[in-house]
Structures are given as C-alpha cells and as structure tokens.
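Student: Below is one structure. I have some questions about it.
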Amino acid sequence: MSAIWLAVFGGIIFFFGYRFYSKFLAERIYKLDPNYVTPANRYNDGVDYVPTNKLVLWGHHFTSVAGAAPIVGPAIAVYWGWLPALLWVVLGTVFAAGVHDFGTIVLSVRNKGQSVGTLANKLIGQKAKILFLFIILLLVLMVNAVFAWVIAKLFISFPASVIAVFIQIPLAIWIGYRVYKRKGGMLLPSVIALVIMYLAAIIASYVPALQIDFVQYMGGENGTGLFGLSTTASAFFIWIIILMIYVYIASTLPVWKLLQPRDYINSHQLVVGLGILYLGLLFTNPEITAPVTNSNADTSWFPLLFITIACGAISGFHGLVSSGTTSKQLDKETDARFVGYLGAIGEGALALIAIIAVVTFFPSIDEFTATYSGFTAANGAGLGTFIQGAGQLATGLGIPAVVASTIVSVIVVSFAATTLDSSVRLMRYIIAELGLEYNIKPMTKTHVATTIAVVSSAALTLLPEGPNGFGSGGYLLWPLFGTSNQLLAGISLLLIAIWLKRQGRNYMPAFIPMVFLLFMTMWAMINQVVFVWSGARGEEANMLLFIFGAIILVFALWILLTAISALSKKDDHVS
Amino acid sequence: MSKRGSLKKLFQLYDEILSLPHKTEVARELRDEDDLFLLLLYSDMLGIPNPAFYYTLELYPYIIEKFHDWHLRMGIEKSPLDGIRCC
C-alpha cells in the first residue's frame, strides 16, 4: 500500500477534528467569549503580556512544542506495526492533545495568564507544586542524559554533520547581537545562516577531511582508545564532555544571545524539514514495508504504546508552553481554538511523517523485522532509521541520499542541542527554586546550580552501564520519560476538568482522556515497577528504575485520589 | 492585491512568527537595563548618594510615567517616594 494513504487518512481526521470537535469544544465546553479582556490586553507590558496576531502566535506555539520528541517516540513505536502507532497519533491528537493544549490556554487566560504549576497549587494544594518540581526535574535530567548520547551518536554516525552544527553557534550569536543592537530584522541573516550551514553540510559530505570523526582519528574501530575504552566508546566520551562544556556555557548566557537566535534558525529548519518530507512523500510515492501489526512482539503494545508515543499524541510539556507564554499573548479568547488545537495538530502532522519515514525506509518487511527484532532493538534503531528514511524521502526532490541524510541529521542535532540547552537551563531554575524553598543559599547561585545540573547529567550519562553501550546511561531512566510526561498531561487535564465542573459545564471531554491517560500510565507503571524492575519475575532487579518508578507510581496514585476528591467537591476559589 | 505584495506580506508574517520569542527576550533585556538606569536616577531619593543629581533631576519629567511600573517591578507595592505619589 502507498504511504500517501496514511498521510491522507491522518489529514482527513485532523481536518474533521479541527472543523467539528474543536468547534464543539469552543462553543459548548470552553464557551469562548470574543469580548473577554485577555491578560495580554489587561496587563500589556510590551514584554511578557503582548496581544499578538493569532497566526503569528500559532506559529510560535507550534515551533515551541515541536522538537525531537515527536520523532523519537513514533520511530520506536512502529515496532508494534504501523496501524497502532498511526491510530494513537491521529486519535490522540484529536481527542486528547487538542483538548489539552486548547484547554490549558483557556484555563490560564481565565486565571490572569498563570502557569499550570501555579494553578495546580491553587486548585489542588501546596503539595502539587513539589510534585510538579519533582516530575519536571526528573524529566529534564533524563532529557539531558539521553540527548547528550543522541547527539554524540549522530556525530559519530554522520561525521559530516558536525561542522554544520558547530557553525550554527557563531552565526546565532551574530544574529542575536545584531537584533539586540537593533541593526535590522532576523529573516535575511538567518536565511543566510541556514544556507551557510547546509552548504557546509553538503561540502563535508563529499570531503572526508572536513568530517570530524574521532573514531577514525584514533585508528578506526580496532584502534586504541582512551583509558582502555574502545575507540567508539572513547569518541562517545569525548563528544559528551564537549557537549557538557558547551551546554554549561550556553545555559548560563542570556537567552537572547544564543538560545533564541538558534531557535529562530531551527524554526526555518522545521519548516524546511516538514516541507521536504511531505513533498518528498508526494514525489516518491513509497510503499509501506512494515507490518500492519506485529503479532510476534516480545513486549505487549498495551499499554506501552501510549507511553512510548507521548509528544505527537499528547504531551504534558505542551501545557507548560500553553500556560507559560502562549496564554499571555492571546489577543482574543476565541483565538485559543486556532492556536491551541491547531498547534496540537501541527505536532501530530510531524509525528505522522516520522511514522511514514520509518515504515517506508526498508526494502521489504523481512528487513524491517530484522532491524526491529525486539523492543530493545527498536529503541536503539528508531532515530537512525528515521534519519535514513527521511533522507530517502528527500531523494524524491532530487537531493542525493548522502546529502539528505547529513542534512536531516543536522536538523535533528540542532533540535536536540536546543532542547539540551533549554533543559539544562530549566534544571538550573528548578535547583535554584528548591534552594530557595529549603533555604540552601549556595544552590540559588547561577554557577552552583548549573554545575549541579551539568555534573548530575554527565554522571547519569557516563557512569551507569546503559543498554546502548557506553554513554547511554540516560536510557536506564528513559522508560520513565513517557510516564512522567503523560502524568504531567494528566494533571493538566485534571485541572481543566475541575475548572469546567466548577463552572457547571460538561467536563467529560477533559475527564475521559485524563482517565485514559492515568489508567495507561498506572497500568504500565505497576507492570514495570512491581513485576519487572523489582526482579519479582526472576529477572535481574533494576534498583535505579525501581526507586524512581515507585516514587512516580505513588505520585500517580496520589493524583488519582486527589482527582476523585477534587471533582466531588463543590467549592470554587478559581474563577 | 498584487502577487508581489502578497508575497511580501507572507514573508513578513513568517518573520513575525519566528522572531516573536526573540523580541520578547530582547525587550526584557532592554527593560532590565532601563530598570537599572531608573534606579541610578532615583538613587538619591532612596538614600544612595548620586554625584550627578543635578543632571539626572532634569530627566524626571521624561521618566515619571515609567515610575509606577518600575517600583512594582522592583517589588515595592506602594510608591517609596513622598514627592511622587503615583499610588
């Protein structure tokens, strides 16, 4: 079957979701009022609260939530066949992510533009704040460790991409400084920057001397590595140390100097990438070479599928963006539908093309099955397969495969590096906030908090023996990533449901996906924590996962109980 | 509208979408600089000696409108200066 049908199916469901379901939500559930004075208009300060055109705000919201995660999850989840992944991405986007992203904007707009964390504190209680901090801390620690490995892995697999990624840094600083000094717009310089990066990637693809390949420098696979490690492990070690030093400097700089202009260039890359992939799909018209469902899976799809694909179907991280920045810039309340719901659909479209790129890459089903031989193998192969699959789609536009793969890896690394920078920065803020909460003054200092963040991330990356070899220690905790993210989404949906109930409205559109998410998360957690990680089934116990998993499980139970009690209460202290 | 005009509009929109977060951060940085400058201007009234008092006094008419927002941002709920009663 042609993969175009997957895109057509997804497109039609997304269209109906936006046209009818989001309209129903806007008119009957959230009851948007065009005359409501939004926080952007009420507190307009020219910095955080700025009324913004809905198309501009949608674009900004979409580029903020779209990153590497909606690619990684689906690329792994196709292990269970393309149908379960496709259905969860499409239906999850329409009935869960759309409700969640749209709802968190409305909830925040109706509460002075406050963030989900503050609202949880208000609606559930003080303990909710600690829960929030803990979950986010765990999330960012995992992201730091795993993304450091992912970048190192891509640098080792695609050495031609290194130079383009590093050129981006001075270019971004130049653009940031230019805008700061008000010497003009960003569009032209950033397009020039992008062209320079891609030219560097193309040239490096054909000139081995421009490829920074530490494995080759140390004498190839069988050469001598550092500290008795193999050459590949040594290359991982060098790259991870370089990345940690980079991220320390990047995350302590003001955001406008490096992070923001990098983000700006990356947004072009997102548009270029999505354009190339969908056009490539149209021109190559590839056949699906993955099974519809995998009947020989060594790990059941239920409920792990719903945890593996978080971003792209529903993600708690979106609630942080919706209530953190988007709600403060909404001009009219009625714009929330366009910005929030369509933003979720944009993310769904990214996850959809990730599925298509992977399921069309292999020449036959046998080769797909050989690579995706087990769930652990799928975890290791997912991202690499996406890059090669995306490269193959790009060949439909006449781009040579070697160049296409290099450019796709530049795009993925750019996203991952920006995520790494943001998440180390976020970790620093949380450590400082904990320092403030428990009155430990040194922890509130920028450099102390950053050192704690970077050292703990590096320790998690390098010290434990990870499933994908040296440097992949972050993967030990990765099974908890989807769970934590879904828990966060569950909390946001709970807040929306409580708010709707207190307004005397039908809260089922938020309540049903919340129950679904919490049920799946709890099911997966109990199964993993009690039976697998504890060693109860006779397998080797994994104490690290067991302890963290048990803590999250307790939190999930606590949320469930709070949900029941909060939804049965009648008092209302939030408008 | 002509083709060229609509293309220009499209680019403008695209630029606006991508530069929105950047503008916010630059505005924040510039506001922080302004806040520091205002602190220097008001320092004499707050008990910190300001050798350039005569010159900064001349700027008062220009910055008086910013005063209320400034003291709120500084975490001072009511105007700290007797001479300026904004709230």
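By convention in this document, the chains of the structure tokens carry letters A, B, ... by their order, each chain's residues are numbered from 1, and ligands are numbered from 1 in the order they are shown.
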Please check the contacts: residues of chain B at most 7 Å away from chain A, using only C-alpha atoms, listed as a PDB file with C-alpha atoms, in the first residue's frame.

Tutor:
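File written: out-v1.pdb
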```
ATOM      1  CA  LEU B  13       4.147  37.066   8.669  1.00  0.00           C
ATOM      2  CA  ASP B  15       9.340  36.654  10.086  1.00  0.00           C
ATOM      3  CA  GLU B  16       6.930  37.779  12.795  1.00  0.00           C
ATOM      4  CA  ILE B  17       6.156  34.180  13.774  1.00  0.00           C
ATOM      5  CA  LEU B  18       9.790  33.274  14.155  1.00  0.00           C
ATOM      6  CA  SER B  19      11.002  36.455  15.808  1.00  0.00           C
ATOM      7  CA  LEU B  20       8.220  36.691  18.430  1.00  0.00           C
ATOM      8  CA  HIS B  22      13.306  36.698  20.387  1.00  0.00           C
ATOM      9  CA  THR B  24      10.303  39.294  23.976  1.00  0.00           C
ATOM     10  CA  GLU B  25      13.736  38.422  25.301  1.00  0.00           C
ATOM     11  CA  VAL B  26      15.408  41.479  23.776  1.00  0.00           C
ATOM     12  CA  ALA B  27      12.619  43.664  25.220  1.00  0.00           C
ATOM     13  CA  ARG B  28      13.191  42.051  28.626  1.00  0.00           C
TER      14      ARG B  28
END
```

Student: For the helix (DSSP H, G or I) assignment from backbone DSSP, which residues of stretch 151-395 of chain A qualify? Please present them as a VMD selection string.

Tutor: chain A and resid 151 to 157 161 to 180 187 to 206 208 to 210 214 to 217 226 to 228 231 to 252 259 to 284 301 to 308 316 to 324 326 to 329 335 to 359 365 to 371 375 to 395

Student: Please identify all polymer residues within 10 Å of A:Val72, counting only C-alpha atoms, omitting same-chain residues fewer than 5 positions from it, and present them as a count of residues only.

Tutor: 15

Student: Determine, counting only C-alpha atoms, which protein, DNA and RNA residues have an atom within 9 Å of an atom of stretch 153-155 of chain A; residues of the same chain fewer than 6 positions away are not included. Present the result as an MDAnalysis selection string.

Tutor: chainID A and resid 161:162 212:213 236 239 384 409:410 412:413

Student: Produce a file of the selected residues containing C-alpha atoms, as a PDB file, in the first residue's frame.

Tutor:
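File again03.pdb, as written:
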```pdb
ATOM      1  CA  SER A 161      27.060  16.947  10.115  1.00  0.00           C
ATOM      2  CA  VAL A 162      29.457  18.125  12.868  1.00  0.00           C
ATOM      3  CA  ILE A 212      35.185  15.397  12.428  1.00  0.00           C
ATOM      4  CA  ASP A 213      35.433  11.684  13.093  1.00  0.00           C
ATOM      5  CA  PHE A 236      31.285   8.985  22.849  1.00  0.00           C
ATOM      6  CA  TRP A 239      31.681  14.198  22.488  1.00  0.00           C
ATOM      7  CA  GLY A 384      18.777   6.293  12.966  1.00  0.00           C
ATOM      8  CA  SER A 409      20.926  14.684  10.970  1.00  0.00           C
ATOM      9  CA  VAL A 410      21.927  18.389  11.148  1.00  0.00           C
ATOM     10  CA  VAL A 412      17.784  16.574  14.387  1.00  0.00           C
ATOM     11  CA  VAL A 413      21.028  17.536  16.173  1.00  0.00           C
TER      12      VAL A 413
END
```

Student: Need the shell around A:Met543: protein/DNA/RNA residues with any atom at most 7 Å away, counting only C-alpha atoms. Skip same-chain ones fewer than 3 positions apart. Format as a PyMOL selection string?

Tutor: chain A and resi 533+546-547

Student: To one decimal place in Å, what is the distance between atom CA of A:His318 and atom CA of A:Val146?

Tutor: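 Interatomic distance, atom CA of A:His318 to atom CA of A:Val146: 20.0 Å.
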
Student: Just want the 8 Å neighbourhood of stretch 553-561 of chain A, counted on only C-alpha atoms, with same-chain residues fewer than 4 positions away dropped. Output as a PyMOL selection string.

Tutor: chain A and resi 131+487+491+518+522+525-526+549+565

Student: Got a sec: who's within 12 Å of A:Ile238, counting only C-alpha atoms, leaving out chain neighbours fewer than 2 positions off, as a PyMOL selection string?

Tutor: chain A and resi 148-149+151-153+155-156+212-215+218+225-227+229+231-236+240-245+458+462+470-471

Student: Would you export the selected residues with N, CA and C atoms as a tab-separated table (two decimals), in the first residue's frame, please?

Tutor:
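Output file result-v1.tsv is given in full below:
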```
chain	number	residue	atom	x	y	z
A	148	ALA	N	22.26	14.04	25.17
A	148	ALA	CA	23.72	14.12	25.04
A	148	ALA	C	24.20	12.88	24.28
A	149	TRP	N	23.64	11.72	24.63
A	149	TRP	CA	24.03	10.50	23.93
A	149	TRP	C	23.58	10.52	22.47
A	151	ILE	N	23.03	13.08	20.49
A	151	ILE	CA	23.87	13.98	19.68
A	151	ILE	C	25.22	13.32	19.40
A	152	ALA	N	25.82	12.74	20.46
A	152	ALA	CA	27.12	12.09	20.28
A	152	ALA	C	27.00	10.97	19.25
A	153	LYS	N	25.93	10.20	19.35
A	153	LYS	CA	25.72	9.07	18.43
A	153	LYS	C	25.60	9.58	16.98
A	155	PHE	N	26.74	12.43	15.79
A	155	PHE	CA	28.04	12.96	15.36
A	155	PHE	C	28.96	11.82	14.91
A	156	ILE	N	28.89	10.69	15.64
A	156	ILE	CA	29.75	9.55	15.29
A	156	ILE	C	29.25	8.87	14.00
A	212	ILE	N	34.52	15.56	11.13
A	212	ILE	CA	35.18	15.40	12.43
A	212	ILE	C	34.82	14.01	12.95
A	213	ASP	N	35.73	13.07	12.75
A	213	ASP	CA	35.43	11.68	13.09
A	213	ASP	C	36.49	11.16	14.07
A	214	PHE	N	36.16	11.19	15.37
A	214	PHE	CA	37.14	10.80	16.39
A	214	PHE	C	37.52	9.33	16.28
A	215	VAL	N	36.57	8.50	15.81
A	215	VAL	CA	36.87	7.06	15.70
A	215	VAL	C	38.01	6.87	14.69
A	218	MET	N	41.42	7.94	15.92
A	218	MET	CA	42.07	7.02	16.85
A	218	MET	C	42.43	5.69	16.19
A	225	GLY	N	41.84	3.33	22.01
A	225	GLY	CA	41.00	4.39	22.58
A	225	GLY	C	41.61	4.97	23.84
A	226	LEU	N	40.84	5.80	24.52
A	226	LEU	CA	41.31	6.43	25.76
A	226	LEU	C	40.96	5.54	26.95
A	227	PHE	N	41.77	5.57	27.97
A	227	PHE	CA	41.54	4.87	29.25
A	227	PHE	C	41.14	3.41	29.06
A	229	LEU	N	39.28	2.21	26.85
A	229	LEU	CA	37.97	2.04	26.21
A	229	LEU	C	38.16	1.76	24.73
A	231	THR	N	37.52	2.48	20.67
A	231	THR	CA	37.58	3.80	20.02
A	231	THR	C	36.19	4.44	19.95
A	232	THR	N	35.15	3.62	19.70
A	232	THR	CA	33.80	4.19	19.63
A	232	THR	C	33.40	4.75	21.00
A	233	ALA	N	33.67	3.97	22.06
A	233	ALA	CA	33.34	4.44	23.40
A	233	ALA	C	34.12	5.71	23.74
A	234	SER	N	35.38	5.76	23.30
A	234	SER	CA	36.18	6.97	23.56
A	234	SER	C	35.59	8.17	22.82
A	235	ALA	N	35.12	7.92	21.57
A	235	ALA	CA	34.51	9.02	20.81
A	235	ALA	C	33.26	9.53	21.54
A	236	PHE	N	32.46	8.59	22.06
A	236	PHE	CA	31.28	8.98	22.85
A	236	PHE	C	31.72	9.83	24.04
A	240	ILE	N	30.59	13.68	24.59
A	240	ILE	CA	29.72	14.00	25.74
A	240	ILE	C	30.37	15.08	26.61
A	241	ILE	N	31.70	14.98	26.81
A	241	ILE	CA	32.39	16.00	27.61
A	241	ILE	C	32.29	17.36	26.89
A	242	ILE	N	32.54	17.37	25.57
A	242	ILE	CA	32.46	18.63	24.80
A	242	ILE	C	31.04	19.21	24.93
A	243	LEU	N	30.03	18.34	24.79
A	243	LEU	CA	28.65	18.82	24.87
A	243	LEU	C	28.32	19.38	26.24
A	244	MET	N	28.84	18.74	27.28
A	244	MET	CA	28.55	19.22	28.63
A	244	MET	C	29.20	20.60	28.88
A	245	ILE	N	30.42	20.77	28.35
A	245	ILE	CA	31.09	22.08	28.49
A	245	ILE	C	30.28	23.13	27.71
A	458	ALA	N	25.90	14.60	33.43
A	458	ALA	CA	27.06	13.89	32.91
A	458	ALA	C	27.23	12.57	33.65
A	462	LEU	N	27.38	8.99	31.84
A	462	LEU	CA	28.64	8.24	31.72
A	462	LEU	C	28.82	7.09	32.71
A	470	PHE	N	28.42	2.34	26.04
A	470	PHE	CA	28.99	3.42	26.84
A	470	PHE	C	28.35	4.77	26.52
A	471	GLY	N	28.03	5.52	27.56
A	471	GLY	CA	27.48	6.87	27.37
A	471	GLY	C	25.97	6.90	27.28
```
